[in-house]
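All remarks here apply to the structure that follows.
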Amino acid sequence: MTRMQLVEELSRKLGVNHTEAETIVDAFFGAIVDALKKEDKVELRGFGSFRVKKRPARTARNPRTGESVQVPEKMIPYFKASKELKQLIEES
Amino acid sequence: MIKSDIIDAVSEKLTYNRPKAEMAVEDLLQLLKDSLKDGGRIELRGFGVFLVRPKKTGVGRNPKTGEQIPLQPGKVIKFKPSKDVLSAESAPQIIG
C-alpha cells in the first residue's frame, strides 16, 4: 500500500473528498514525526510505539573505495509493534 | 505523545470537532492494521516503510543451558524509517 492508496481508502471510509483525506494522513504522520523530532515517544495503543535512539558518530568505510568516512551522530526512529498487532500478523 | 494528542493535532488542522477527528484517526489506524494483516507492505514516502516478514525458522538455543528450542514459524513486522526523516536541516548525510 502506498500513501495514495491509504488516502483513497480513508476517503472512502470517512466519506470525505480526496484532498481532505490527504490532509488527515499528513496531519497524522506529521504529528508523529514532530514528536519524534523532539525526542518524544509516540504510543498508539493497539498498534505500537515509536521512539528515537541516538546513534553515535562513528568512522565507516566507503565499501567501494575503502576510504574512511566520518559518520555524524544521528537520531534514528524505531517502531515496536503492540502485542495485539503482533498477534494479528502472526495469525494472518 | 499518545493517540489522544494525535487526535488533537488532526482536529486542529482540519477544524474537525473531537469525535470526528477521533473517528478519522481510528479509521486510519484500522486501515494500516488491515493492510499489514493482508501481508501488505505500507510505503509512506518521507516517513518509512512497514514490512511483514516471515520469522526465522530452525533451532534456537538457550545460551545459558544449551537447551535446544525449535523456533516457531510466523511473521513479524519491520519498520524501516525514511532516510533523514528526523533531521530538520535534512542535509545530505552519508549512510554507513
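As shown in the C-alpha cells, the chain order sets the letters A, B, ...; within each chain, residues go from 1, and ligands are also counted from 1 in the order they appear.
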
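Residues with any atom within 7 Å of B:Ile69, counting only C-alpha atoms and excluding same-chain neighbours fewer than 3 positions away, are Val59, Gly60 and Arg61 of chain B.
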
Just the selected residues (C-alpha atoms), exported as a compact mmCIF listing (two decimals), in the first residue's frame, please.
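Output below, filename result_20.txt:
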# COMPACT_ATOMS: atom_id res chain seq x y z
CA VAL B 59 16.68 -24.36 16.02
CA GLY B 60 17.21 -21.83 18.76
CA ARG B 61 19.24 -22.40 21.88

Can you build me a table of chain B residues sitting at most 8 Å from chain A, with the closest atom pair per residue and its distance in Å to one decimal, using only C-alpha atoms, sorted by chain and residue number, as a tab-separated table?
residue	atom	partner	partner_atom	distance
B:Met1	CA	A:Val42	CA	4.7
B:Ile2	CA	A:Glu43	CA	4.9
B:Lys3	CA	A:Leu44	CA	5.3
B:Ile6	CA	A:Ala31	CA	6.1
B:Ala9	CA	A:Ala31	CA	6.7
B:Val10	CA	A:Ala27	CA	5.6
B:Lys13	CA	A:Ala27	CA	7.0
B:Leu14	CA	A:Ile24	CA	7.4
B:Ala24	CA	A:Leu14	CA	6.9
B:Val25	CA	A:Phe28	CA	7.4
B:Asp27	CA	A:Leu10	CA	7.1
B:Leu28	CA	A:Leu10	CA	6.4
B:Leu29	CA	A:Phe47	CA	7.5
B:Leu31	CA	A:Leu6	CA	7.4
B:Leu32	CA	A:Leu6	CA	8.0
B:Lys33	CA	A:Leu85	CA	7.3
B:Ser35	CA	A:Met1	CA	7.2
B:Leu36	CA	A:Ile89	CA	6.9
B:Lys37	CA	A:Ile89	CA	5.3
B:Asp38	CA	A:Ser92	CA	7.0
B:Gly39	CA	A:Ser92	CA	7.4
B:Gly40	CA	A:Met1	CA	6.6
B:Arg41	CA	A:Met1	CA	5.9
B:Ile42	CA	A:Met1	CA	4.6
B:Glu43	CA	A:Thr2	CA	4.9
B:Leu44	CA	A:Arg3	CA	5.2
B:Arg45	CA	A:Arg3	CA	7.2
B:Phe47	CA	A:Phe29	CA	7.3
B:Val52	CA	A:Ile89	CA	7.8
B:Gly74	CA	A:Glu90	CA	5.3
B:Lys75	CA	A:Glu90	CA	5.1
B:Val76	CA	A:Lys86	CA	6.8
B:Ile77	CA	A:Ala81	CA	7.0
B:Lys78	CA	A:Phe79	CA	7.7
B:Phe79	CA	A:Phe79	CA	5.9
B:Pro81	CA	A:Pro77	CA	6.5
B:Val85	CA	A:Val33	CA	7.5
B:Leu86	CA	A:Lys37	CA	5.5
B:Ser87	CA	A:Lys37	CA	7.7
B:Ala88	CA	A:Lys37	CA	7.9
B:Gln93	CA	A:Val71	CA	7.9
B:Ile94	CA	A:Val71	CA	6.4
B:Ile95	CA	A:Val71	CA	7.3
B:Gly96	CA	A:Ala60	CA	5.7

### Query
Which value, in Å to one decimal, gives the distance between atom CA of A:Gly15 and atom CA of B:Glu12?
19.3 Å

### Task
Name the residues in contact with B:Ala21 at a cut-off of 8 Å, using only C-alpha atoms, excluding same-chain residues fewer than 2 positions from it; report them as a PyMOL selection string.
chain B and resi 7-8+10-11+16-19+23-25

Can those selected residues be exported to a file as a PDB file, in the first residue's frame so that it contains N, CA and C atoms?
ATOM      1  N   ILE B   7      -5.020  12.921  17.817  1.00  0.00           N
ATOM      2  CA  ILE B   7      -6.400  13.317  17.505  1.00  0.00           C
ATOM      3  C   ILE B   7      -6.544  14.832  17.618  1.00  0.00           C
ATOM      4  N   ASP B   8      -5.923  15.410  18.655  1.00  0.00           N
ATOM      5  CA  ASP B   8      -5.940  16.873  18.808  1.00  0.00           C
ATOM      6  C   ASP B   8      -5.307  17.565  17.611  1.00  0.00           C
ATOM      7  N   VAL B  10      -4.980  16.439  14.540  1.00  0.00           N
ATOM      8  CA  VAL B  10      -5.850  16.291  13.367  1.00  0.00           C
ATOM      9  C   VAL B  10      -7.050  17.224  13.488  1.00  0.00           C
ATOM     10  N   SER B  11      -7.622  17.270  14.681  1.00  0.00           N
ATOM     11  CA  SER B  11      -8.773  18.115  14.932  1.00  0.00           C
ATOM     12  C   SER B  11      -8.454  19.587  14.650  1.00  0.00           C
ATOM     13  N   TYR B  16     -11.897  19.964  12.685  1.00  0.00           N
ATOM     14  CA  TYR B  16     -12.895  18.934  12.977  1.00  0.00           C
ATOM     15  C   TYR B  16     -13.206  19.027  14.456  1.00  0.00           C
ATOM     16  N   ASN B  17     -14.421  18.658  14.826  1.00  0.00           N
ATOM     17  CA  ASN B  17     -14.657  18.525  16.257  1.00  0.00           C
ATOM     18  C   ASN B  17     -14.009  17.223  16.715  1.00  0.00           C
ATOM     19  N   ARG B  18     -13.906  17.042  18.022  1.00  0.00           N
ATOM     20  CA  ARG B  18     -13.152  15.897  18.528  1.00  0.00           C
ATOM     21  C   ARG B  18     -13.656  14.524  18.098  1.00  0.00           C
ATOM     22  N   PRO B  19     -14.960  14.280  18.210  1.00  0.00           N
ATOM     23  CA  PRO B  19     -15.431  12.947  17.785  1.00  0.00           C
ATOM     24  C   PRO B  19     -15.101  12.638  16.321  1.00  0.00           C
ATOM     25  N   MET B  23     -12.645   9.675  14.996  1.00  0.00           N
ATOM     26  CA  MET B  23     -13.067   8.662  14.036  1.00  0.00           C
ATOM     27  C   MET B  23     -12.060   8.575  12.888  1.00  0.00           C
ATOM     28  N   ALA B  24     -11.582   9.736  12.440  1.00  0.00           N
ATOM     29  CA  ALA B  24     -10.621   9.760  11.341  1.00  0.00           C
ATOM     30  C   ALA B  24      -9.342   9.014  11.713  1.00  0.00           C
ATOM     31  N   VAL B  25      -8.852   9.277  12.924  1.00  0.00           N
ATOM     32  CA  VAL B  25      -7.608   8.635  13.367  1.00  0.00           C
ATOM     33  C   VAL B  25      -7.810   7.130  13.569  1.00  0.00           C
TER      34      VAL B  25
END

### Query
Could you write out, as number ranges by chain, all the residues of chain B that DSSP marks as alpha helix (DSSP H)?
B: 3-14, 18-37

Selection to disk with N, CA and C atoms, as a compact mmCIF listing (two decimals), in the first residue's frame:
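part.txt written:
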# COMPACT_ATOMS: atom_id res chain seq x y z
N LYS B 3 -2.22 8.63 21.44
CA LYS B 3 -3.21 8.77 20.36
C LYS B 3 -4.04 10.03 20.50
N SER B 4 -4.42 10.31 21.73
CA SER B 4 -5.24 11.48 22.00
C SER B 4 -4.59 12.79 21.52
N ASP B 5 -3.25 12.87 21.63
CA ASP B 5 -2.55 14.07 21.15
C ASP B 5 -2.59 14.16 19.63
N ILE B 6 -2.55 12.99 18.98
CA ILE B 6 -2.62 12.98 17.52
C ILE B 6 -4.02 13.39 17.06
N ILE B 7 -5.02 12.92 17.82
CA ILE B 7 -6.40 13.32 17.51
C ILE B 7 -6.54 14.83 17.62
N ASP B 8 -5.92 15.41 18.65
CA ASP B 8 -5.94 16.87 18.81
C ASP B 8 -5.31 17.57 17.61
N ALA B 9 -4.17 17.03 17.16
CA ALA B 9 -3.47 17.63 16.03
C ALA B 9 -4.33 17.58 14.77
N VAL B 10 -4.98 16.44 14.54
CA VAL B 10 -5.85 16.29 13.37
C VAL B 10 -7.05 17.22 13.49
N SER B 11 -7.62 17.27 14.68
CA SER B 11 -8.77 18.12 14.93
C SER B 11 -8.45 19.59 14.65
N GLU B 12 -7.26 20.00 15.06
CA GLU B 12 -6.85 21.38 14.86
C GLU B 12 -6.61 21.71 13.38
N LYS B 13 -5.89 20.81 12.73
CA LYS B 13 -5.52 21.05 11.34
C LYS B 13 -6.72 21.05 10.40
N LEU B 14 -7.70 20.22 10.69
CA LEU B 14 -8.84 20.11 9.77
C LEU B 14 -10.09 20.82 10.30
N ARG B 18 -13.91 17.04 18.02
CA ARG B 18 -13.15 15.90 18.53
C ARG B 18 -13.66 14.52 18.10
N PRO B 19 -14.96 14.28 18.21
CA PRO B 19 -15.43 12.95 17.79
C PRO B 19 -15.10 12.64 16.32
N LYS B 20 -15.18 13.66 15.48
CA LYS B 20 -14.90 13.46 14.06
C LYS B 20 -13.43 13.16 13.84
N ALA B 21 -12.57 13.92 14.54
CA ALA B 21 -11.13 13.70 14.43
C ALA B 21 -10.76 12.32 14.98
N GLU B 22 -11.43 11.93 16.03
CA GLU B 22 -11.16 10.63 16.64
C GLU B 22 -11.51 9.51 15.67
N MET B 23 -12.65 9.68 15.00
CA MET B 23 -13.07 8.66 14.04
C MET B 23 -12.06 8.58 12.89
N ALA B 24 -11.58 9.74 12.44
CA ALA B 24 -10.62 9.76 11.34
C ALA B 24 -9.34 9.01 11.71
N VAL B 25 -8.85 9.28 12.92
CA VAL B 25 -7.61 8.63 13.37
C VAL B 25 -7.81 7.13 13.57
N GLU B 26 -8.93 6.77 14.17
CA GLU B 26 -9.22 5.33 14.39
C GLU B 26 -9.34 4.60 13.05
N ASP B 27 -10.03 5.22 12.11
CA ASP B 27 -10.19 4.59 10.78
C ASP B 27 -8.85 4.44 10.09
N LEU B 28 -8.02 5.46 10.21
CA LEU B 28 -6.70 5.42 9.59
C LEU B 28 -5.86 4.29 10.19
N LEU B 29 -5.88 4.16 11.50
CA LEU B 29 -5.13 3.08 12.16
C LEU B 29 -5.67 1.70 11.75
N GLN B 30 -7.00 1.63 11.63
CA GLN B 30 -7.60 0.36 11.23
C GLN B 30 -7.17 -0.02 9.81
N LEU B 31 -7.10 0.97 8.94
CA LEU B 31 -6.66 0.70 7.56
C LEU B 31 -5.22 0.20 7.53
N LEU B 32 -4.38 0.80 8.38
CA LEU B 32 -2.98 0.37 8.46
C LEU B 32 -2.91 -1.08 8.95
N LYS B 33 -3.70 -1.38 9.97
CA LYS B 33 -3.70 -2.74 10.54
C LYS B 33 -4.20 -3.74 9.52
N ASP B 34 -5.30 -3.41 8.83
CA ASP B 34 -5.86 -4.32 7.84
C ASP B 34 -4.86 -4.61 6.74
N SER B 35 -4.17 -3.55 6.34
CA SER B 35 -3.21 -3.71 5.26
C SER B 35 -2.05 -4.60 5.67
N LEU B 36 -1.58 -4.44 6.91
CA LEU B 36 -0.50 -5.29 7.41
C LEU B 36 -0.96 -6.73 7.57
N LYS B 37 -2.20 -6.89 7.97
CA LYS B 37 -2.77 -8.20 8.17
C LYS B 37 -2.86 -8.95 6.83
